[in-house]
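Have a look at the structure below, then the notes.
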Amino acid sequence: MSDDTILTVDALSMRFGGVVAVNGLSFTAERRRITALIGPNGAGKTTVFNCITGFYKPTSGAIRLTHDDGRNFRLERLNDFRISKQAKVARTFQNIRLFPGMTALENLMVAQHNALMKASGFTFLGLIGAPSYRAAELHAIDQAKGWLDRIGLLERADDAAGNLPYGDQRRLEIARAMCTEPALLCLDEPAAGLNARESASLSELLLSIRSQGTSILLIEHDMSVVMEISDQIVVMDYGMKIAEGAPQAVRDDPKVVAAYLGADEEEAAAVMESGA
Amino acid sequence: MAVLTSDLTQASRREAIAFIFKKAFISALVALVLFSLMIGIRTEAGPTGQLIYWTRFDDLAIIVAVVFVGSIVVELLRQWWGPVGIATAVPPSVQRTLDFAGKAFPPLLLIFAFLVPVIFYDQRYLLDLSILVLTYVMLGWGLNVVVGLAGLLDLGYVAFYAVGAYSYALLSTNFGLSFWMCLPLAGILAACWGVMLGFPVLRLRGDYLAIVTLAFGEIIRLVIINWQSLTGGPNGVSGIPRPSFFGIPFTRGDDGFAARLGIEYSPTHRIVFLFYVILALALLTNWVTIRLRRLPIGRAWEALREDEVACRALGINITTTKLTAFATGAMFGGIAGAFFATRQGFISPESFTFQESALVLAIVVLGGMGSQLGVALAAIALIGGFELFRGFDQYRMLVFGMAMVLLMIWRPRGLISHRAPTVFLKQNTAISAELAREGRG
């Protein structure tokens, strides 16, 4: 395992009763790179995601995460909120899960819960209005403002998240995940339901997140986004890895083409071509 | 085009009328079935023990007609003033006045609360009533943390009220601890019970949580009834010390409050003192809750109500967040319980029935979940209103029930249903109730 690997998934399997959703999947994600996980519907991508982010306990296999400072985490052993809190893995959801009744700014403040909780002396210092907590809160608001500015929502900071247009909600969810200051950002179909212009601005946002040093793991169906921004692509089908490599190599892989559109390779190639 | 729109509105109007009549007809039918035996036929045991009956079809007809007309009226009210499509044009000047009135209302209410003992000094009944109302305001604010903010449906809130009351009663009668010493102790003990209740129910949500908390409330009551040696069982605890003014008792004697101040003794002094104690406790609850809402823990509670899964993904510890909500709510309930015990001087399990839990929950729901002012208004309306309707004698419950039904038609999400953001950049815009979730946890 080289120093440049942030995430190592090793022989990961997930069974639901008799159904094998993920079957001995192994892949690595590199630091400061965008790794895309693609595959036809039902290939087990979201299950892999849920295993990495602690929503499922894998039946077998190991998921290792290494921070910049060399600290190691075994994600399959960490439970639930600790994956985000300690291992610094943030995620978004396929169906947007913002806090709809809270404002955009509040959504980003909730994301900084753990840092603020510590600053507020686990509520006690905050309750008496300690200046150190005030400073921490102002800093948190500044960070939230910075993100709102980056996703172009500064003007709507005080609007309820549930009132924002769909595309804005997608970007707000990414900003919220980034406010936890993650080492690895996992995005579950961030471009779903976006129009071409919104997809383009999403790609831009993801590239800027990568350039600031956060690694990204991405599930996506929109091939234009995947092919444009991914550094590496892992293709899954029926819970197994069928291909891995750079976008161009993956696109030309006959196995991938077959997985996407049955055996008719010519037709499949045409679709992949047009998406690119 | 104009003809077409008028045709359309006419068609929709015809549809609406048909709907109203259909609904009224169904209501009348239900009333007919329901009341045909209850009112239509009256049975009695005759002088020799045989069954005699006679019919009262005229009364039945009147009832069914009332239901029919009443249903039409309710439905019309709903369409005219209901929440559906209300776009009443309010002139800007009126709107400004309303806005100002809305802003000025809470401080005015607070000032009025402080002046109540001055204004109604001679009216013992009103003073007692306002103490009762304030107790429920405090309970409502306490439960608001659990139900309104964290979205955890708690049907056994009275358990913490009971724990607080018995904590004070037993600590003071057995160990002679003073009221002011027992107040925080009662809060801490109740908070401990809140955590104890919280642990087993952490995985439950919605209806299941409600059932378990309901059972918990009953368990506490049954333990109190049956643990005779400690709690005195159904006989309760009597002779609970009355609160003193920092050591000076409210008695007629020479070392009493009145004598020390050199004024004539009056039993009202204690009532006024109790009033200010509960007012201070309620305001403390309010202050702490408002502070907590703006702290990370409070935001986490509200986030938990909005979406538990997203909270987990953001690294928020669901377990401690839920437990702190339970503990905070329980603490306020416990403190209110201690106050209840010292006010009454006598407590028994009868004061802590499910009805109390339901009443406090009704206050929170009616006030608008999460809204501090709404809860206070609902407590005044429910407790005070209930007393107000005393003049209606046996129709009191009926009038009260009708008032609640009408309120729920007009304001289905409570008196004050919008949510105020905890932090803002430029403008503090209220969030409408349709967006905020009620929580299923």
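Ordering of the structure tokens sets the chain letters (A, B, ...); residue numbers start at 1 within each chain; ligands are numbered from 1 in the order shown.
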
Task: 10 Å contact set for Gly142 in chain B, only C-alpha atoms, chain neighbours under 3 positions out, as a PyMOL selection string - done: chain B and resi 136-139+145-148+157+282+285-286+289+325-326+328-336+360+364

Take the residues just selected and output them with N, CA and C atoms as an mmCIF file, in the first residue's frame.
```cif
data_model
loop_
_atom_site.group_PDB
_atom_site.id
_atom_site.type_symbol
_atom_site.label_atom_id
_atom_site.label_comp_id
_atom_site.auth_asym_id
_atom_site.auth_seq_id
_atom_site.Cartn_x
_atom_site.Cartn_y
_atom_site.Cartn_z
ATOM 1 N N TYR B 136 -47.940 24.866 34.297
ATOM 2 C CA TYR B 136 -48.098 24.168 33.020
ATOM 3 C C TYR B 136 -47.280 24.826 31.913
ATOM 4 N N VAL B 137 -47.088 26.137 32.008
ATOM 5 C CA VAL B 137 -46.203 26.798 31.040
ATOM 6 C C VAL B 137 -44.809 26.200 31.154
ATOM 7 N N MET B 138 -44.365 26.035 32.411
ATOM 8 C CA MET B 138 -43.030 25.481 32.617
ATOM 9 C C MET B 138 -42.961 24.042 32.130
ATOM 10 N N LEU B 139 -43.975 23.246 32.455
ATOM 11 C CA LEU B 139 -43.992 21.855 31.986
ATOM 12 C C LEU B 139 -44.001 21.819 30.461
ATOM 13 N N VAL B 145 -38.700 20.828 24.701
ATOM 14 C CA VAL B 145 -37.337 20.432 24.343
ATOM 15 C C VAL B 145 -37.359 19.042 23.714
ATOM 16 N N VAL B 146 -38.114 18.130 24.347
ATOM 17 C CA VAL B 146 -38.126 16.744 23.892
ATOM 18 C C VAL B 146 -38.962 16.601 22.621
ATOM 19 N N VAL B 147 -40.181 17.116 22.652
ATOM 20 C CA VAL B 147 -41.110 16.898 21.543
ATOM 21 C C VAL B 147 -40.908 17.929 20.434
ATOM 22 N N GLY B 148 -40.834 19.202 20.830
ATOM 23 C CA GLY B 148 -40.783 20.255 19.824
ATOM 24 C C GLY B 148 -39.432 20.364 19.143
ATOM 25 N N TYR B 157 -44.437 12.119 30.148
ATOM 26 C CA TYR B 157 -43.692 13.218 30.747
ATOM 27 C C TYR B 157 -44.013 13.380 32.222
ATOM 28 N N ALA B 282 -40.122 29.260 35.489
ATOM 29 C CA ALA B 282 -40.574 29.127 34.102
ATOM 30 C C ALA B 282 -39.694 29.963 33.182
ATOM 31 N N THR B 285 -36.468 28.252 32.637
ATOM 32 C CA THR B 285 -36.640 27.210 31.632
ATOM 33 C C THR B 285 -36.604 27.809 30.236
ATOM 34 N N ASN B 286 -37.332 28.895 30.071
ATOM 35 C CA ASN B 286 -37.405 29.554 28.773
ATOM 36 C C ASN B 286 -36.040 30.047 28.330
ATOM 37 N N THR B 289 -33.734 27.182 27.436
ATOM 38 C CA THR B 289 -34.113 26.560 26.171
ATOM 39 C C THR B 289 -33.713 27.429 24.991
ATOM 40 N N ALA B 325 -31.481 15.465 25.259
ATOM 41 C CA ALA B 325 -32.819 16.039 25.099
ATOM 42 C C ALA B 325 -33.755 15.494 26.176
ATOM 43 N N PHE B 326 -33.718 14.178 26.360
ATOM 44 C CA PHE B 326 -34.555 13.566 27.393
ATOM 45 C C PHE B 326 -34.209 14.129 28.766
ATOM 46 N N THR B 328 -32.663 16.956 29.606
ATOM 47 C CA THR B 328 -32.994 18.373 29.796
ATOM 48 C C THR B 328 -34.485 18.550 30.047
ATOM 49 N N GLY B 329 -35.293 17.896 29.219
ATOM 50 C CA GLY B 329 -36.743 17.981 29.401
ATOM 51 C C GLY B 329 -37.155 17.454 30.759
ATOM 52 N N ALA B 330 -36.565 16.317 31.138
ATOM 53 C CA ALA B 330 -36.919 15.691 32.409
ATOM 54 C C ALA B 330 -36.527 16.581 33.576
ATOM 55 N N MET B 331 -35.360 17.258 33.446
ATOM 56 C CA MET B 331 -34.903 18.115 34.530
ATOM 57 C C MET B 331 -35.926 19.221 34.813
ATOM 58 N N PHE B 332 -36.393 19.869 33.752
ATOM 59 C CA PHE B 332 -37.375 20.935 33.948
ATOM 60 C C PHE B 332 -38.667 20.368 34.535
ATOM 61 N N GLY B 333 -39.055 19.173 34.067
ATOM 62 C CA GLY B 333 -40.243 18.523 34.627
ATOM 63 C C GLY B 333 -40.062 18.257 36.112
ATOM 64 N N GLY B 334 -38.870 17.813 36.488
ATOM 65 C CA GLY B 334 -38.591 17.498 37.881
ATOM 66 C C GLY B 334 -38.641 18.739 38.762
ATOM 67 N N ILE B 335 -38.078 19.842 38.250
ATOM 68 C CA ILE B 335 -38.088 21.090 39.028
ATOM 69 C C ILE B 335 -39.525 21.574 39.212
ATOM 70 N N ALA B 336 -40.299 21.468 38.118
ATOM 71 C CA ALA B 336 -41.712 21.849 38.225
ATOM 72 C C ALA B 336 -42.422 20.962 39.238
ATOM 73 N N VAL B 360 -50.123 18.141 29.018
ATOM 74 C CA VAL B 360 -48.891 18.868 28.697
ATOM 75 C C VAL B 360 -48.552 18.690 27.220
ATOM 76 N N VAL B 364 -48.141 21.525 24.174
ATOM 77 C CA VAL B 364 -47.013 21.662 23.239
ATOM 78 C C VAL B 364 -47.509 21.615 21.789
#
```

- [ ] Skip Thr173 in chain B itself and residues of its chain fewer than 4 positions away, then list as a PyMOL selection string all residues within 10 Å of it, counting only C-alpha atoms.
- [x] chain B and resi 168-169+177-178+237-241

Return the neighbours of chain A among the residues of chain B, cut-off 8 Å, counting only C-alpha atoms, as a PDB file with N, CA, C and O atoms, in the first residue's frame.
```
ATOM      1  N   VAL B 288     -33.034  29.096  29.347  1.00  0.00           N
ATOM      2  CA  VAL B 288     -32.106  28.001  29.054  1.00  0.00           C
ATOM      3  C   VAL B 288     -32.438  27.382  27.694  1.00  0.00           C
ATOM      4  O   VAL B 288     -31.549  27.116  26.880  1.00  0.00           O
ATOM      5  N   ARG B 291     -31.316  29.617  24.901  1.00  0.00           N
ATOM      6  CA  ARG B 291     -29.859  29.545  24.790  1.00  0.00           C
ATOM      7  C   ARG B 291     -29.456  28.237  24.122  1.00  0.00           C
ATOM      8  O   ARG B 291     -28.628  28.226  23.213  1.00  0.00           O
ATOM      9  N   LEU B 292     -30.032  27.145  24.616  1.00  0.00           N
ATOM     10  CA  LEU B 292     -29.641  25.831  24.100  1.00  0.00           C
ATOM     11  C   LEU B 292     -29.916  25.710  22.610  1.00  0.00           C
ATOM     12  O   LEU B 292     -29.148  25.105  21.880  1.00  0.00           O
ATOM     13  N   LEU B 295     -27.098  26.864  20.660  1.00  0.00           N
ATOM     14  CA  LEU B 295     -25.836  26.168  20.848  1.00  0.00           C
ATOM     15  C   LEU B 295     -25.832  24.928  19.945  1.00  0.00           C
ATOM     16  O   LEU B 295     -26.878  24.501  19.469  1.00  0.00           O
ATOM     17  N   PRO B 296     -24.640  24.358  19.727  1.00  0.00           N
ATOM     18  CA  PRO B 296     -24.585  23.184  18.844  1.00  0.00           C
ATOM     19  C   PRO B 296     -25.528  22.069  19.283  1.00  0.00           C
ATOM     20  O   PRO B 296     -26.131  21.407  18.427  1.00  0.00           O
ATOM     21  N   ILE B 297     -25.705  21.891  20.589  1.00  0.00           N
ATOM     22  CA  ILE B 297     -26.560  20.788  21.030  1.00  0.00           C
ATOM     23  C   ILE B 297     -28.004  21.026  20.585  1.00  0.00           C
ATOM     24  O   ILE B 297     -28.681  20.112  20.130  1.00  0.00           O
ATOM     25  N   ARG B 299     -29.007  22.860  18.021  1.00  0.00           N
ATOM     26  CA  ARG B 299     -29.106  22.676  16.568  1.00  0.00           C
ATOM     27  C   ARG B 299     -29.117  21.192  16.233  1.00  0.00           C
ATOM     28  O   ARG B 299     -29.827  20.754  15.340  1.00  0.00           O
ATOM     29  N   ALA B 300     -28.334  20.418  16.995  1.00  0.00           N
ATOM     30  CA  ALA B 300     -28.319  18.970  16.749  1.00  0.00           C
ATOM     31  C   ALA B 300     -29.692  18.374  17.058  1.00  0.00           C
ATOM     32  O   ALA B 300     -30.161  17.483  16.341  1.00  0.00           O
ATOM     33  N   ALA B 303     -31.824  19.226  14.148  1.00  0.00           N
ATOM     34  CA  ALA B 303     -31.388  18.451  12.993  1.00  0.00           C
ATOM     35  C   ALA B 303     -31.866  17.010  13.129  1.00  0.00           C
ATOM     36  O   ALA B 303     -32.286  16.382  12.158  1.00  0.00           O
ATOM     37  N   GLU B 306     -35.272  16.808  12.067  1.00  0.00           N
ATOM     38  CA  GLU B 306     -35.417  16.935  10.617  1.00  0.00           C
ATOM     39  C   GLU B 306     -35.003  15.657   9.903  1.00  0.00           C
ATOM     40  O   GLU B 306     -35.702  15.191   9.013  1.00  0.00           O
ATOM     41  N   ASP B 307     -33.830  15.121  10.260  1.00  0.00           N
ATOM     42  CA  ASP B 307     -33.345  13.940   9.543  1.00  0.00           C
ATOM     43  C   ASP B 307     -32.260  13.237  10.357  1.00  0.00           C
ATOM     44  O   ASP B 307     -31.135  13.710  10.435  1.00  0.00           O
ATOM     45  N   ALA B 310     -29.168  11.822   8.200  1.00  0.00           N
ATOM     46  CA  ALA B 310     -28.210  12.860   7.812  1.00  0.00           C
ATOM     47  C   ALA B 310     -27.344  13.250   9.002  1.00  0.00           C
ATOM     48  O   ALA B 310     -26.152  13.517   8.849  1.00  0.00           O
ATOM     49  N   ARG B 312     -26.342  11.329  11.416  1.00  0.00           N
ATOM     50  CA  ARG B 312     -25.302  10.306  11.575  1.00  0.00           C
ATOM     51  C   ARG B 312     -24.192  10.527  10.567  1.00  0.00           C
ATOM     52  O   ARG B 312     -23.013  10.395  10.882  1.00  0.00           O
ATOM     53  N   ALA B 313     -24.575  10.871   9.348  1.00  0.00           N
ATOM     54  CA  ALA B 313     -23.576  11.074   8.303  1.00  0.00           C
ATOM     55  C   ALA B 313     -22.692  12.274   8.605  1.00  0.00           C
ATOM     56  O   ALA B 313     -21.584  12.369   8.084  1.00  0.00           O
ATOM     57  N   LEU B 314     -23.175  13.192   9.434  1.00  0.00           N
ATOM     58  CA  LEU B 314     -22.382  14.379   9.755  1.00  0.00           C
ATOM     59  C   LEU B 314     -21.573  14.187  11.034  1.00  0.00           C
ATOM     60  O   LEU B 314     -20.985  15.126  11.551  1.00  0.00           O
ATOM     61  N   GLY B 315     -21.578  12.962  11.556  1.00  0.00           N
ATOM     62  CA  GLY B 315     -20.758  12.690  12.727  1.00  0.00           C
ATOM     63  C   GLY B 315     -21.379  13.114  14.032  1.00  0.00           C
ATOM     64  O   GLY B 315     -20.683  13.305  15.022  1.00  0.00           O
ATOM     65  N   ILE B 316     -22.696  13.289  14.049  1.00  0.00           N
ATOM     66  CA  ILE B 316     -23.369  13.666  15.293  1.00  0.00           C
ATOM     67  C   ILE B 316     -23.742  12.397  16.044  1.00  0.00           C
ATOM     68  O   ILE B 316     -24.352  11.485  15.466  1.00  0.00           O
ATOM     69  N   ASN B 317     -23.364  12.346  17.316  1.00  0.00           N
ATOM     70  CA  ASN B 317     -23.667  11.176  18.125  1.00  0.00           C
ATOM     71  C   ASN B 317     -25.154  11.196  18.491  1.00  0.00           C
ATOM     72  O   ASN B 317     -25.595  11.954  19.354  1.00  0.00           O
ATOM     73  N   ILE B 318     -25.922  10.340  17.822  1.00  0.00           N
ATOM     74  CA  ILE B 318     -27.371  10.317  18.008  1.00  0.00           C
ATOM     75  C   ILE B 318     -27.722   9.969  19.452  1.00  0.00           C
ATOM     76  O   ILE B 318     -28.613  10.563  20.048  1.00  0.00           O
ATOM     77  N   ARG B 419     -41.049  28.511  12.313  1.00  0.00           N
ATOM     78  CA  ARG B 419     -39.837  28.261  13.076  1.00  0.00           C
ATOM     79  C   ARG B 419     -38.870  29.413  12.861  1.00  0.00           C
ATOM     80  O   ARG B 419     -38.652  29.836  11.733  1.00  0.00           O
ATOM     81  N   PRO B 421     -35.147  30.840  12.720  1.00  0.00           N
ATOM     82  CA  PRO B 421     -33.804  30.280  12.591  1.00  0.00           C
ATOM     83  C   PRO B 421     -32.936  30.624  13.794  1.00  0.00           C
ATOM     84  O   PRO B 421     -33.142  31.653  14.448  1.00  0.00           O
ATOM     85  N   THR B 422     -31.959  29.771  14.093  1.00  0.00           N
ATOM     86  CA  THR B 422     -31.126  29.983  15.274  1.00  0.00           C
ATOM     87  C   THR B 422     -29.953  30.906  14.970  1.00  0.00           C
ATOM     88  O   THR B 422     -29.325  31.429  15.879  1.00  0.00           O
ATOM     89  N   VAL B 423     -29.654  31.095  13.694  1.00  0.00           N
ATOM     90  CA  VAL B 423     -28.538  31.945  13.314  1.00  0.00           C
ATOM     91  C   VAL B 423     -28.853  32.483  11.928  1.00  0.00           C
ATOM     92  O   VAL B 423     -29.517  31.823  11.136  1.00  0.00           O
ATOM     93  N   PHE B 424     -28.454  33.740  11.675  1.00  0.00           N
ATOM     94  CA  PHE B 424     -28.750  34.279  10.350  1.00  0.00           C
ATOM     95  C   PHE B 424     -27.671  35.277   9.953  1.00  0.00           C
ATOM     96  O   PHE B 424     -26.971  35.832  10.806  1.00  0.00           O
ATOM     97  N   LEU B 425     -27.554  35.485   8.639  1.00  0.00           N
ATOM     98  CA  LEU B 425     -26.548  36.422   8.149  1.00  0.00           C
ATOM     99  C   LEU B 425     -27.129  37.822   8.036  1.00  0.00           C
ATOM    100  O   LEU B 425     -26.603  38.774   8.578  1.00  0.00           O
ATOM    101  N   LYS B 426     -28.251  37.908   7.274  1.00  0.00           N
ATOM    102  CA  LYS B 426     -28.806  39.238   7.025  1.00  0.00           C
ATOM    103  C   LYS B 426     -30.177  39.399   7.639  1.00  0.00           C
ATOM    104  O   LYS B 426     -30.477  40.356   8.296  1.00  0.00           O
ATOM    105  N   GLN B 427     -31.016  38.410   7.379  1.00  0.00           N
ATOM    106  CA  GLN B 427     -32.412  38.593   7.729  1.00  0.00           C
ATOM    107  C   GLN B 427     -32.935  37.389   8.473  1.00  0.00           C
ATOM    108  O   GLN B 427     -32.744  36.246   8.043  1.00  0.00           O
ATOM    109  N   ASN B 428     -33.599  37.665   9.577  1.00  0.00           N
ATOM    110  CA  ASN B 428     -34.161  36.597  10.381  1.00  0.00           C
ATOM    111  C   ASN B 428     -35.561  36.272   9.880  1.00  0.00           C
ATOM    112  O   ASN B 428     -36.548  36.751  10.398  1.00  0.00           O
ATOM    113  N   THR B 429     -35.624  35.464   8.823  1.00  0.00           N
ATOM    114  CA  THR B 429     -36.937  35.154   8.254  1.00  0.00           C
ATOM    115  C   THR B 429     -37.478  33.876   8.872  1.00  0.00           C
ATOM    116  O   THR B 429     -36.775  32.883   8.963  1.00  0.00           O
ATOM    117  N   ILE B 431     -39.431  30.469   9.193  1.00  0.00           N
ATOM    118  CA  ILE B 431     -39.585  29.357   8.265  1.00  0.00           C
ATOM    119  C   ILE B 431     -40.975  28.763   8.456  1.00  0.00           C
ATOM    120  O   ILE B 431     -41.381  28.475   9.575  1.00  0.00           O
ATOM    121  N   SER B 432     -41.679  28.592   7.352  1.00  0.00           N
ATOM    122  CA  SER B 432     -43.062  28.136   7.487  1.00  0.00           C
ATOM    123  C   SER B 432     -43.103  26.678   7.934  1.00  0.00           C
ATOM    124  O   SER B 432     -42.176  25.911   7.711  1.00  0.00           O
ATOM    125  N   ALA B 433     -44.208  26.345   8.576  1.00  0.00           N
ATOM    126  CA  ALA B 433     -44.326  25.042   9.222  1.00  0.00           C
ATOM    127  C   ALA B 433     -44.310  23.896   8.225  1.00  0.00           C
ATOM    128  O   ALA B 433     -43.963  22.779   8.571  1.00  0.00           O
ATOM    129  N   LEU B 435     -42.326  23.284   5.968  1.00  0.00           N
ATOM    130  CA  LEU B 435     -40.982  22.782   5.688  1.00  0.00           C
ATOM    131  C   LEU B 435     -40.404  22.024   6.868  1.00  0.00           C
ATOM    132  O   LEU B 435     -39.808  20.976   6.713  1.00  0.00           O
ATOM    133  N   ALA B 436     -40.589  22.584   8.067  1.00  0.00           N
ATOM    134  CA  ALA B 436     -40.027  21.943   9.248  1.00  0.00           C
ATOM    135  C   ALA B 436     -40.738  20.615   9.479  1.00  0.00           C
ATOM    136  O   ALA B 436     -41.951  20.515   9.336  1.00  0.00           O
ATOM    137  N   ARG B 437     -39.959  19.615   9.821  1.00  0.00           N
ATOM    138  CA  ARG B 437     -40.565  18.311  10.050  1.00  0.00           C
ATOM    139  C   ARG B 437     -40.943  18.147  11.511  1.00  0.00           C
ATOM    140  O   ARG B 437     -40.399  18.817  12.377  1.00  0.00           O
TER     141      ARG B 437
END
```

TODO: Could you check how far CA of Asp69 in chain A sits from CA of Leu205 in chain A, in Å to one decimal?
DONE: 25.6 Å

Open item on the list: At a cut-off of 10 Å, using only C-alpha atoms, what residues contact range 190-198 of chain A? Leave out same-chain residues fewer than 5 positions from it and give the result as a ChimeraX atom specification.
Closed with: /A:92-96,166-168,170-171,173-174,203-204,206,218-226

Can those selected residues be exported to a file as a compact mmCIF listing (two decimals), in the first residue's frame so that it contains N, CA, C and O atoms?
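Final output, saved to selection.txt:
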```txt
# COMPACT_ATOMS: atom_id res chain seq x y z
N THR A 92 -22.78 12.27 0.92
CA THR A 92 -24.08 12.82 0.55
C THR A 92 -24.97 11.65 0.15
O THR A 92 -24.52 10.51 0.09
N PHE A 93 -26.23 11.95 -0.09
CA PHE A 93 -27.18 10.87 -0.33
C PHE A 93 -27.78 10.97 -1.73
O PHE A 93 -27.88 12.05 -2.31
N GLN A 94 -28.19 9.79 -2.22
CA GLN A 94 -28.79 9.72 -3.56
C GLN A 94 -30.06 10.58 -3.61
O GLN A 94 -30.24 11.38 -4.51
N ASN A 95 -30.93 10.39 -2.60
CA ASN A 95 -32.07 11.29 -2.45
C ASN A 95 -31.67 12.31 -1.40
O ASN A 95 -31.33 11.94 -0.30
N ILE A 96 -31.69 13.56 -1.77
CA ILE A 96 -31.10 14.61 -0.93
C ILE A 96 -31.63 14.53 0.49
O ILE A 96 -32.82 14.37 0.73
N TYR A 166 -33.78 22.49 -6.74
CA TYR A 166 -33.17 21.16 -6.61
C TYR A 166 -31.66 21.19 -6.77
O TYR A 166 -30.92 20.62 -5.95
N GLY A 167 -31.19 21.88 -7.80
CA GLY A 167 -29.76 21.93 -8.06
C GLY A 167 -29.00 22.57 -6.91
O GLY A 167 -27.92 22.12 -6.52
N ASP A 168 -29.58 23.63 -6.34
CA ASP A 168 -28.96 24.30 -5.19
C ASP A 168 -28.90 23.37 -3.99
O ASP A 168 -27.93 23.37 -3.23
N ARG A 170 -28.63 20.14 -4.07
CA ARG A 170 -27.52 19.20 -4.30
C ARG A 170 -26.20 19.82 -3.88
O ARG A 170 -25.40 19.20 -3.19
N ARG A 171 -25.97 21.05 -4.31
CA ARG A 171 -24.69 21.69 -4.00
C ARG A 171 -24.59 22.00 -2.52
O ARG A 171 -23.52 21.87 -1.92
N GLU A 173 -25.86 20.26 -0.17
CA GLU A 173 -25.56 19.02 0.55
C GLU A 173 -24.06 18.71 0.47
O GLU A 173 -23.46 18.24 1.45
N ILE A 174 -23.45 19.00 -0.68
CA ILE A 174 -22.00 18.79 -0.82
C ILE A 174 -21.26 19.75 0.11
O ILE A 174 -20.33 19.36 0.83
N SER A 203 -19.28 19.78 -11.78
CA SER A 203 -17.94 19.28 -12.11
C SER A 203 -16.88 20.26 -11.64
O SER A 203 -15.87 19.89 -11.05
N GLU A 204 -17.16 21.52 -11.91
CA GLU A 204 -16.22 22.56 -11.50
C GLU A 204 -16.00 22.55 -9.99
O GLU A 204 -14.87 22.62 -9.50
N LEU A 206 -16.48 20.08 -7.90
CA LEU A 206 -15.77 18.88 -7.45
C LEU A 206 -14.28 19.01 -7.74
O LEU A 206 -13.44 18.62 -6.92
N LEU A 218 -16.92 8.73 -5.82
CA LEU A 218 -18.11 9.23 -6.50
C LEU A 218 -18.89 8.07 -7.12
O LEU A 218 -18.29 7.22 -7.79
N ILE A 219 -20.18 8.04 -6.88
CA ILE A 219 -21.05 7.14 -7.66
C ILE A 219 -21.78 8.03 -8.64
O ILE A 219 -22.32 9.06 -8.23
N GLU A 220 -21.79 7.69 -9.89
CA GLU A 220 -22.48 8.57 -10.82
C GLU A 220 -22.94 7.80 -12.05
O GLU A 220 -22.29 6.88 -12.53
N HIS A 221 -24.11 8.22 -12.53
CA HIS A 221 -24.61 7.64 -13.77
C HIS A 221 -24.34 8.56 -14.95
O HIS A 221 -24.32 8.11 -16.09
N ASP A 222 -24.18 9.84 -14.65
CA ASP A 222 -24.00 10.81 -15.72
C ASP A 222 -22.57 10.69 -16.25
O ASP A 222 -21.61 11.15 -15.64
N MET A 223 -22.45 10.02 -17.40
CA MET A 223 -21.11 9.71 -17.92
C MET A 223 -20.33 10.96 -18.29
O MET A 223 -19.11 10.96 -18.24
N SER A 224 -21.03 12.02 -18.66
CA SER A 224 -20.30 13.23 -19.03
C SER A 224 -19.52 13.76 -17.82
O SER A 224 -18.37 14.16 -17.94
N VAL A 225 -20.17 13.69 -16.64
CA VAL A 225 -19.48 14.13 -15.43
C VAL A 225 -18.35 13.17 -15.09
O VAL A 225 -17.22 13.57 -14.83
N VAL A 226 -18.66 11.86 -15.11
CA VAL A 226 -17.68 10.85 -14.70
C VAL A 226 -16.43 10.95 -15.58
O VAL A 226 -15.30 11.01 -15.07
```

Give me, as a compact mmCIF listing (two decimals) with N, CA, C and O atoms, in the first residue's frame, all polymer residues having an atom no more than 10 Å from Gln248 in chain A, counting only C-alpha atoms and skipping those fewer than 2 positions away in the same chain.
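Here's the written file part27.txt:
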```
# COMPACT_ATOMS: atom_id res chain seq x y z
N MET A 227 -16.65 10.96 -16.89
CA MET A 227 -15.50 10.93 -17.79
C MET A 227 -14.70 12.23 -17.71
O MET A 227 -13.49 12.23 -17.89
N GLN A 232 -9.78 8.12 -11.85
CA GLN A 232 -9.75 6.67 -11.89
C GLN A 232 -11.19 6.18 -11.79
O GLN A 232 -12.01 6.79 -11.10
N ILE A 233 -11.49 5.10 -12.49
CA ILE A 233 -12.86 4.59 -12.48
C ILE A 233 -12.85 3.12 -12.10
O ILE A 233 -12.01 2.34 -12.58
N GLY A 245 -9.50 1.53 -13.90
CA GLY A 245 -8.45 2.22 -14.62
C GLY A 245 -8.83 3.64 -14.95
O GLY A 245 -9.80 4.19 -14.44
N ALA A 246 -8.04 4.23 -15.83
CA ALA A 246 -8.29 5.60 -16.25
C ALA A 246 -9.56 5.65 -17.11
O ALA A 246 -9.94 4.64 -17.70
N VAL A 250 -11.21 2.56 -19.37
CA VAL A 250 -12.46 1.92 -18.93
C VAL A 250 -13.51 2.01 -20.04
O VAL A 250 -14.25 1.06 -20.30
N ARG A 251 -13.53 3.15 -20.70
CA ARG A 251 -14.53 3.34 -21.73
C ARG A 251 -14.35 2.34 -22.88
O ARG A 251 -15.31 1.89 -23.48
N ASP A 252 -13.12 1.98 -23.12
CA ASP A 252 -12.85 1.08 -24.23
C ASP A 252 -12.91 -0.38 -23.82
O ASP A 252 -12.78 -1.26 -24.67
N ASP A 253 -13.09 -0.62 -22.56
CA ASP A 253 -13.08 -2.00 -22.08
C ASP A 253 -14.35 -2.73 -22.54
O ASP A 253 -15.46 -2.32 -22.21
N ALA A 276 -19.62 10.70 -23.44
CA ALA A 276 -18.32 11.28 -23.07
C ALA A 276 -18.15 12.71 -23.57
O ALA A 276 -18.91 13.20 -24.32
```

Task: Contacts of Thr66 in chain A at 7 Å (only C-alpha atoms; same-chain gap of 4+ positions) as a PyMOL selection string - done: chain A and resi 6-7+70-73

Task: DSSP strand (DSSP E) selection over range 35-224 of chain A, as a list in words - done: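 Strand (DSSP E) assignments inside range 35-224 of chain A correspond to Thr35, Ala36, Leu37, Ile38, Ser60, Gly61, Ala62, Ile63, Arg64, Leu65, Thr66, Asn72, Phe73, Arg74, Val89, Ala90, Arg91, Leu184, Leu185, Cys186, Leu187, Asp188, Ser215, Ile216, Leu217, Leu218 and Ile219 of chain A.
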